[in-house]
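Structure data (mmCIF, C-alpha atoms) from start-v2.cif:
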```cif
data_entry
loop_
_atom_site.label_atom_id
_atom_site.label_comp_id
_atom_site.auth_asym_id
_atom_site.auth_seq_id
_atom_site.Cartn_x
_atom_site.Cartn_y
_atom_site.Cartn_z
CA MET A 30 6.26 34.93 28.36
CA GLN A 31 5.06 33.65 24.98
CA ASN A 32 6.14 35.38 21.79
CA LEU A 33 4.06 38.53 22.05
CA PRO A 34 4.45 41.97 20.51
CA SER A 35 6.74 44.10 22.66
CA ASP A 36 4.01 46.61 23.48
CA ILE A 37 1.78 43.81 24.75
CA GLN A 38 4.56 42.38 26.90
CA GLU A 39 5.17 45.78 28.49
CA PHE A 40 1.44 46.24 29.05
CA LEU A 41 1.03 42.83 30.70
CA GLU A 42 4.01 43.57 32.94
CA SER A 43 2.48 46.94 33.89
CA TYR A 44 5.31 48.87 32.21
CA PRO A 45 8.08 47.86 34.64
CA ASP A 46 10.57 50.38 33.23
CA GLY A 47 8.15 53.28 33.34
CA SER A 48 8.69 56.35 35.45
CA ASP A 49 6.30 58.88 36.94
CA ASP A 50 6.88 62.43 35.76
CA ARG A 51 4.89 64.54 38.20
CA SER A 52 5.39 67.61 36.04
CA LEU A 53 3.02 66.08 33.48
CA SER A 54 -0.70 66.28 34.18
CA ASP A 55 -2.47 66.83 30.85
CA ASN A 56 -4.45 63.59 31.04
CA LEU A 57 -5.60 64.37 34.57
CA GLN A 58 -6.65 67.86 33.59
CA PHE A 59 -8.36 66.71 30.40
CA TYR A 60 -10.42 64.03 32.15
CA SER A 61 -11.27 66.51 34.89
CA ASN A 62 -12.87 68.50 32.03
CA ARG A 63 -10.51 71.43 32.64
CA LEU A 64 -8.05 71.14 29.75
CA ARG A 65 -8.78 71.20 26.03
CA CYS A 66 -7.22 68.50 23.88
CA ARG A 67 -4.81 69.41 21.14
CA PRO A 68 -5.09 69.96 18.24
CA ASP A 69 -8.92 69.82 18.34
CA ASN A 70 -9.26 72.36 21.18
CA LEU A 71 -12.19 70.62 22.87
CA LEU A 72 -12.97 69.55 26.43
CA VAL A 73 -13.70 65.86 26.89
CA GLU A 74 -17.41 66.47 27.49
CA GLN A 75 -17.58 68.60 24.34
CA ILE A 76 -16.19 65.71 22.31
CA HIS A 77 -18.84 63.41 23.77
CA GLU A 78 -21.62 65.87 22.99
CA ARG A 79 -20.53 67.10 19.57
CA TRP A 80 -18.93 64.07 17.94
CA ILE A 81 -21.39 61.30 18.74
CA GLY A 82 -22.58 60.01 15.36
CA ASP A 83 -20.17 62.21 13.41
CA TYR A 84 -18.50 59.27 11.77
CA ASP A 85 -16.44 61.20 9.24
CA LYS A 86 -14.87 63.22 12.01
CA LEU A 87 -14.15 60.12 14.10
CA GLU A 88 -12.71 58.32 11.08
CA TYR A 89 -10.48 61.00 9.61
CA LYS A 90 -9.30 62.90 12.66
CA HIS A 91 -6.42 61.14 14.36
CA GLY A 92 -5.32 63.29 17.29
CA PHE A 93 -8.23 62.73 19.65
CA ILE A 94 -7.78 59.03 20.37
CA GLN A 95 -4.65 59.57 22.50
CA TRP A 96 -6.60 62.02 24.65
CA LEU A 97 -9.73 59.92 25.03
CA PHE A 98 -7.78 56.76 25.84
CA PRO A 99 -4.52 57.65 27.58
CA ILE A 100 -2.04 54.84 28.17
CA ARG A 101 1.55 54.59 29.35
CA GLU A 102 2.84 54.63 25.76
CA TYR A 103 3.52 57.39 23.27
CA GLY A 104 1.06 57.72 20.41
CA MET A 105 1.16 59.46 17.05
CA ASN A 106 -0.12 62.76 18.49
CA TYR A 107 2.88 64.50 20.00
CA GLU A 108 0.63 67.15 21.50
CA SER A 109 -0.64 64.50 23.90
CA GLN A 110 1.26 62.93 26.80
CA PRO A 111 1.66 59.33 27.99
CA LEU A 112 -0.42 58.54 31.06
CA GLN A 113 1.56 59.01 34.28
CA PRO A 114 1.05 56.76 37.32
CA HIS A 115 0.09 59.69 39.57
CA GLU A 116 -2.58 60.71 37.03
CA LEU A 117 -3.93 57.17 36.89
CA GLU A 118 -4.20 56.99 40.68
CA ALA A 119 -6.04 60.32 40.85
CA LEU A 120 -8.41 59.53 37.97
CA LYS A 121 -9.31 56.06 39.26
CA SER A 122 -10.45 57.64 42.52
CA ASP A 123 -12.68 60.17 40.71
CA PRO A 124 -16.08 58.70 39.75
CA TYR A 125 -16.73 61.60 37.38
CA ALA A 126 -13.53 60.86 35.48
CA ILE A 127 -14.40 57.16 35.27
CA SER A 128 -17.86 58.08 33.94
CA ARG A 129 -16.20 60.20 31.26
CA ILE A 130 -13.92 57.32 30.25
CA ILE A 131 -16.96 55.07 29.91
CA ALA A 132 -18.64 57.78 27.81
CA SER A 133 -15.56 57.81 25.56
CA TYR A 134 -15.88 54.05 25.18
CA LYS A 135 -19.56 54.37 24.27
CA LEU A 136 -18.68 57.03 21.68
CA MET A 137 -16.27 54.66 19.95
CA LEU A 138 -18.59 51.67 20.26
CA ASP A 139 -21.23 53.68 18.39
CA PHE A 140 -18.64 54.51 15.73
CA TYR A 141 -17.92 50.78 15.37
CA GLY A 142 -21.62 49.87 15.05
CA MET A 143 -22.01 48.66 18.62
CA ARG A 144 -23.59 49.68 21.91
CA LEU A 145 -22.96 48.93 25.56
CA VAL A 146 -25.86 46.75 26.70
CA SER A 147 -24.73 46.31 30.30
CA LEU A 148 -22.21 48.38 32.20
CA GLU A 149 -22.35 45.75 34.95
CA THR A 150 -21.26 42.76 32.84
CA GLY A 151 -19.70 44.59 29.88
CA GLU A 152 -22.12 43.03 27.39
CA VAL A 153 -21.97 44.66 23.95
CA GLY A 154 -24.57 44.44 21.19
CA ARG A 155 -25.13 45.77 17.71
CA SER A 156 -26.26 49.37 17.31
CA LEU A 157 -30.03 49.78 17.08
CA THR A 158 -31.95 51.73 14.46
CA PRO A 159 -31.71 54.49 13.36
CA ARG A 160 -28.02 53.57 13.58
CA ASN A 161 -26.80 51.25 10.82
CA TYR A 162 -24.49 48.64 12.28
CA VAL A 163 -23.94 47.05 8.84
CA ALA A 164 -22.30 50.20 7.44
CA ARG A 165 -20.22 50.65 10.58
CA TYR A 166 -19.03 47.04 10.53
CA LYS A 167 -17.99 47.48 6.90
CA ASN A 168 -16.04 50.59 7.84
CA LEU A 169 -14.30 48.75 10.67
CA ILE A 170 -13.24 46.00 8.27
CA ARG A 171 -12.11 48.50 5.61
CA SER A 172 -10.28 51.01 7.83
CA SER A 173 -7.51 49.00 9.44
CA HIS A 174 -6.14 51.93 11.46
CA ASN A 175 -9.06 51.30 13.80
CA ASN A 176 -7.41 48.02 14.80
CA LEU A 177 -4.62 50.03 16.44
CA ARG A 178 -7.19 52.30 18.07
CA ILE A 179 -8.97 49.31 19.59
CA SER A 180 -5.72 48.02 21.08
CA ARG A 181 -5.26 51.41 22.75
CA ILE A 182 -8.87 51.49 23.96
CA LEU A 183 -8.59 48.05 25.56
CA LYS A 184 -5.27 48.87 27.24
CA CYS A 185 -6.77 52.07 28.62
CA LEU A 186 -9.87 50.35 29.98
CA SER A 187 -7.66 47.80 31.68
CA GLU A 188 -5.49 50.50 33.27
CA PHE A 189 -8.60 52.10 34.75
CA GLY A 190 -9.94 48.90 36.26
CA LEU A 191 -12.63 48.39 33.62
CA GLU A 192 -11.59 45.02 32.22
CA ARG A 193 -15.17 43.80 32.31
CA LEU A 194 -15.65 46.06 29.28
CA ASN A 195 -12.70 44.39 27.55
CA ARG A 196 -14.25 40.97 28.14
CA GLY A 197 -17.59 42.14 26.79
CA PHE A 198 -16.05 43.66 23.68
CA LEU A 199 -13.78 40.74 22.82
CA LEU A 200 -16.44 38.10 23.27
CA HIS A 201 -18.99 40.16 21.32
CA VAL A 202 -16.64 40.29 18.34
CA LEU A 203 -15.99 36.56 18.69
CA ASN A 204 -19.72 35.84 18.79
CA GLU A 205 -20.25 37.93 15.65
CA GLN A 206 -17.45 36.08 13.86
CA SER A 207 -18.56 32.64 14.99
CA GLN A 208 -22.34 32.82 14.76
CA SER A 209 -22.98 35.48 12.10
CA LYS A 210 -19.71 35.58 10.12
CA GLU A 211 -19.54 39.32 10.78
CA LEU A 212 -16.27 41.20 11.50
CA ASN A 213 -14.55 38.07 10.24
CA SER A 214 -11.87 39.55 8.00
CA SER A 215 -8.31 38.29 8.21
CA GLY A 216 -7.20 41.74 9.38
CA ILE A 217 -9.59 41.84 12.31
CA ARG A 218 -8.88 38.21 13.24
CA GLY A 219 -5.15 38.91 13.17
CA SER A 220 -5.41 41.99 15.39
CA MET A 221 -7.81 40.26 17.73
CA ASP A 222 -5.77 37.09 18.18
CA ARG A 223 -2.36 38.74 18.55
CA TRP A 224 -3.19 42.07 20.22
CA TRP A 225 -6.73 42.58 21.47
CA ALA A 226 -7.13 39.24 23.25
CA ASN A 227 -3.90 39.96 25.13
CA CYS A 228 -5.12 43.32 26.43
CA LEU A 229 -6.31 41.72 29.66
CA ARG A 230 -4.13 41.57 32.75
CA ASN A 231 -6.33 39.00 34.47
CA ASP A 232 -4.52 35.77 33.63
CA ALA A 233 -7.55 33.49 33.96
CA ASP A 234 -9.80 35.69 31.84
CA ARG A 235 -7.11 36.06 29.17
CA ALA A 236 -6.51 32.31 29.04
CA TRP A 237 -10.23 31.47 28.80
CA ILE A 238 -10.86 33.99 26.04
CA GLN A 239 -7.80 32.86 24.09
CA ALA A 240 -8.86 29.20 24.42
CA THR A 241 -12.36 30.04 23.21
CA ILE A 242 -10.98 32.01 20.27
CA ALA A 243 -8.75 29.05 19.37
CA ARG A 244 -11.75 26.71 19.46
CA VAL A 245 -13.69 28.98 17.11
CA ARG A 246 -10.70 29.36 14.79
CA ALA A 247 -10.23 25.56 14.63
CA GLY A 248 -13.33 25.30 12.44
CA ASN A 249 -14.53 22.04 13.95
CA GLY A 250 -18.20 23.01 14.09
CA PHE A 251 -18.16 24.77 17.45
CA VAL A 252 -20.21 27.98 17.45
CA PHE A 253 -19.78 30.60 20.15
CA THR A 254 -23.43 31.60 20.37
CA ARG A 255 -25.01 34.68 21.91
CA GLU A 256 -26.30 32.47 24.70
CA LEU A 257 -22.78 31.25 25.50
CA TYR A 258 -21.56 34.84 25.39
CA ARG A 259 -24.12 36.07 27.91
CA GLU A 260 -23.68 33.05 30.15
CA ALA A 261 -19.92 33.62 30.32
CA LEU A 262 -20.32 37.28 31.30
CA LYS A 263 -22.95 36.45 33.93
CA ARG A 264 -20.72 33.69 35.33
CA ARG A 265 -17.82 36.11 35.58
CA LEU A 266 -19.99 38.58 37.46
CA SER A 267 -21.45 36.07 39.92
CA ASN A 268 -18.62 33.55 40.34
CA GLY A 269 -15.51 35.50 39.42
CA HIS A 270 -14.61 33.33 36.42
CA LEU A 271 -15.76 33.08 32.81
CA GLY A 272 -16.05 29.30 33.07
CA GLU A 273 -14.36 26.08 32.16
CA ALA A 274 -13.00 25.58 28.66
CA VAL A 275 -15.94 25.51 26.27
CA SER A 276 -16.55 22.05 24.87
CA ASP A 277 -17.35 21.30 21.24
CA GLU A 278 -20.80 20.10 22.26
CA ALA A 279 -21.71 23.29 24.15
#
```

Take the structure I supplied and represent it as structure tokens, if you would.
Amino acid sequence: MQNLPSDIQEFLESYPDGSDDRSLSDNLQFYSNRLRCRPDNLLVEQIHERWIGDYDKLEYKHGFIQWLFPIREYGMNYESQPLQPHELEALKSDPYAISRIIASYKLMLDFYGMRLVSLETGEVGRSLTPRNYVARYKNLIRSSHNNLRISRILKCLSEFGLERLNRGFLLHVLNEQSQSKELNSSGIRGSMDRWWANCLRNDADRAWIQATIARVRAGNGFVFTRELYREALKRRLSNGHLGEAVSDEA
């Protein structure tokens, strides 16, 4: 495997050395809306209801992200638990739990100045008024700890079989960088190219997105337009693939 960060390698290999501790069930209980997260002492649906649009809380509190987006890795909140395989199996079979995970994703998209346009394709767009996407984009560029959060979010969505949302997010950011020069800081590009774009276990999707990113980064005049973005997501939905490598003339 290419020279990737160790956490990405383990993710892509589905954590081959991981075990399943059946005595741990906090993530299952939390996403069943029966256990309060720590240290914030809220049920998952209470976070969705009370914190939407509360950007200071979402920015400066750090313990909630491990609860909203559980993965097989330890985080910085030692009152949370790594996701266990038996929890993942149970949660993936529960449509209410999956709906709550999608609600968590929407909560963070709003915080980042974005919105989910299509649950079917994963298309993401800018937040609409009265939300101010410009201020949220500036915050995302300024507050680099959110880059780590996004890596966790994408890994979590992949674990739960929601990689269409990963595709939509990654290609939205690429479209903003390419066509509008938004979210185009060196920090975001670095996190995107080395971490985020690798948070896809589908080999073909990952390769296509990485190739398209490389073409944009080459600076040879190619622009990844909104039209190309939507066409790729629709192609993936109807044909099972994002498409051939994008040509410079596209």

Contacts of Ile127 of chain A within 10 Å, all atoms listed in the file, excl. fewer than 3 positions in-chain, as a ChimeraX atom specification | /A:60-61,120-124,130-133,186,189-191

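Across A:Ser109, A:Ser180, A:Gln206, A:Thr241, the tightest approach to Ile37 of chain A is made by A:Ser180 when counting only C-alpha atoms.
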
Excluding Gln95 of chain A and its own-chain neighbours fewer than 3 positions away, which residues fall within 7 Å of it when counting all atoms listed in the file? Please give them as a compact mmCIF listing (two decimals) with C-alpha atoms, in the frame of the given file.
```txt
# COMPACT_ATOMS: atom_id res chain seq x y z
CA GLY A 92 -5.32 63.29 17.29
CA PHE A 98 -7.78 56.76 25.84
CA PRO A 99 -4.52 57.65 27.58
CA GLY A 104 1.06 57.72 20.41
CA ASN A 106 -0.12 62.76 18.49
CA SER A 109 -0.64 64.50 23.90
```

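Put simply, atom CA of Pro114 of chain A is 25.0 Å away from atom CA of Ala233 of chain A.
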
Identify all residues satisfying the PyMOL selection byres ((chain A and resi 247-263) around 7) in the given file; provide them as a compact mmCIF listing (two decimals) with C-alpha atoms, in the coordinates of the input.
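Contents of selection.txt, freshly written:
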```
# COMPACT_ATOMS: atom_id res chain seq x y z
CA THR A 150 -21.26 42.76 32.84
CA LEU A 200 -16.44 38.10 23.27
CA ASN A 204 -19.72 35.84 18.79
CA SER A 207 -18.56 32.64 14.99
CA GLN A 208 -22.34 32.82 14.76
CA ALA A 243 -8.75 29.05 19.37
CA ARG A 244 -11.75 26.71 19.46
CA VAL A 245 -13.69 28.98 17.11
CA ARG A 246 -10.70 29.36 14.79
CA ARG A 264 -20.72 33.69 35.33
CA ARG A 265 -17.82 36.11 35.58
CA LEU A 266 -19.99 38.58 37.46
CA SER A 267 -21.45 36.07 39.92
CA LEU A 271 -15.76 33.08 32.81
CA GLY A 272 -16.05 29.30 33.07
CA ASP A 277 -17.35 21.30 21.24
```

Using the chain letters and numbers from the file, which residues does the PyMOL selection byres ((chain A and resi 42-51) around 7) grab, as a PyMOL selection string?
-> chain A and resi 38-41+52-53+113-115

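In this comparison, which uses all atoms listed in the file, the residue of A:Tyr141, A:Trp96, A:Phe59, A:Tyr166 approaching Gly82 of chain A most closely is A:Tyr141.
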
Apply the PyMOL selection byres ((chain A and resi 213-220) around 10) to the file shown and report the selected residues as JSON, numbers by chain.
-> {"A": [169, 170, 171, 172, 173, 175, 176, 177, 179, 180, 202, 203, 205, 206, 207, 209, 210, 211, 212, 221, 222, 223, 224, 225, 226, 242, 246]}

Do you know which residues are at most 12 Å from Tyr84 of chain A counting all atoms listed in the file, after dropping those on the same chain fewer than 2 positions away, and could you put them as a list in words?
-> Arg79, Trp80, Ile81, Gly82, Lys86, Leu87, Glu88, Tyr89, Lys90, Leu136, Met137, Leu138, Asp139, Phe140, Tyr141, Gly142, Arg160, Asn161, Ala164, Arg165, Asn168 and Leu169 of chain A

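With distances restricted to all atoms listed in the file, A:Asp36 is the closest residue to Tyr103 of chain A from A:Glu152, A:Asp36, A:Asp234, A:Glu188.
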
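Across the model, the gap from atom CA of Thr158 of chain A to atom CA of Met143 of chain A is 11.2 Å.
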
What is the atom CA of Asn62 of chain A-atom CA of Ile182 of chain A distance in Å, reported with one decimal?
-> 19.2 Å

At a cut-off of 7 Å from (-13.7, 66.4, 26.6) in the coordinates of the file, what residues are picked up using all atoms listed in the file, written as a PyMOL selection string?
-> chain A and resi 59-60+62+65+71-77

Go ahead and write the residues just picked, C-alpha atoms, as a PDB file, in the frame of the given file.
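Saved the output as part-v8.pdb:
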```
ATOM      1  CA  PHE A  59      -8.360  66.710  30.400  1.00  0.00           C
ATOM      2  CA  TYR A  60     -10.420  64.030  32.150  1.00  0.00           C
ATOM      3  CA  ASN A  62     -12.870  68.500  32.030  1.00  0.00           C
ATOM      4  CA  ARG A  65      -8.780  71.200  26.030  1.00  0.00           C
ATOM      5  CA  LEU A  71     -12.190  70.620  22.870  1.00  0.00           C
ATOM      6  CA  LEU A  72     -12.970  69.550  26.430  1.00  0.00           C
ATOM      7  CA  VAL A  73     -13.700  65.860  26.890  1.00  0.00           C
ATOM      8  CA  GLU A  74     -17.410  66.470  27.490  1.00  0.00           C
ATOM      9  CA  GLN A  75     -17.580  68.600  24.340  1.00  0.00           C
ATOM     10  CA  ILE A  76     -16.190  65.710  22.310  1.00  0.00           C
ATOM     11  CA  HIS A  77     -18.840  63.410  23.770  1.00  0.00           C
TER      12      HIS A  77
END
```

The residues within 8 Å of (-12.1, 41.4, 31.7), using all atoms listed in the file and the coordinates of the file, should be reported as a PDB file with C-alpha atoms, in the coordinates of the input; which are they?
```pdb
ATOM      1  CA  SER A 187      -7.660  47.800  31.680  1.00  0.00           C
ATOM      2  CA  LEU A 191     -12.630  48.390  33.620  1.00  0.00           C
ATOM      3  CA  GLU A 192     -11.590  45.020  32.220  1.00  0.00           C
ATOM      4  CA  ARG A 193     -15.170  43.800  32.310  1.00  0.00           C
ATOM      5  CA  LEU A 194     -15.650  46.060  29.280  1.00  0.00           C
ATOM      6  CA  ASN A 195     -12.700  44.390  27.550  1.00  0.00           C
ATOM      7  CA  ARG A 196     -14.250  40.970  28.140  1.00  0.00           C
ATOM      8  CA  GLY A 197     -17.590  42.140  26.790  1.00  0.00           C
ATOM      9  CA  LEU A 229      -6.310  41.720  29.660  1.00  0.00           C
ATOM     10  CA  ASN A 231      -6.330  39.000  34.470  1.00  0.00           C
ATOM     11  CA  ASP A 234      -9.800  35.690  31.840  1.00  0.00           C
ATOM     12  CA  ARG A 235      -7.110  36.060  29.170  1.00  0.00           C
TER      13      ARG A 235
END
```

Box in all listed atoms of segment 35-42 of chain A, axis-aligned, with 5 Å more on each side; write out centre and edge lengths in Å to one decimal as lines of an AutoDock Vina configuration file.
```
center_x = 3.9
center_y = 44.5
center_z = 27.8
size_x = 15.7
size_y = 14.2
size_z = 20.3
```

Closest of A:His201, A:Arg178, A:Arg129, A:Lys184 to Leu145 of chain A - atom-to-atom distances counting only C-alpha atoms = A:His201
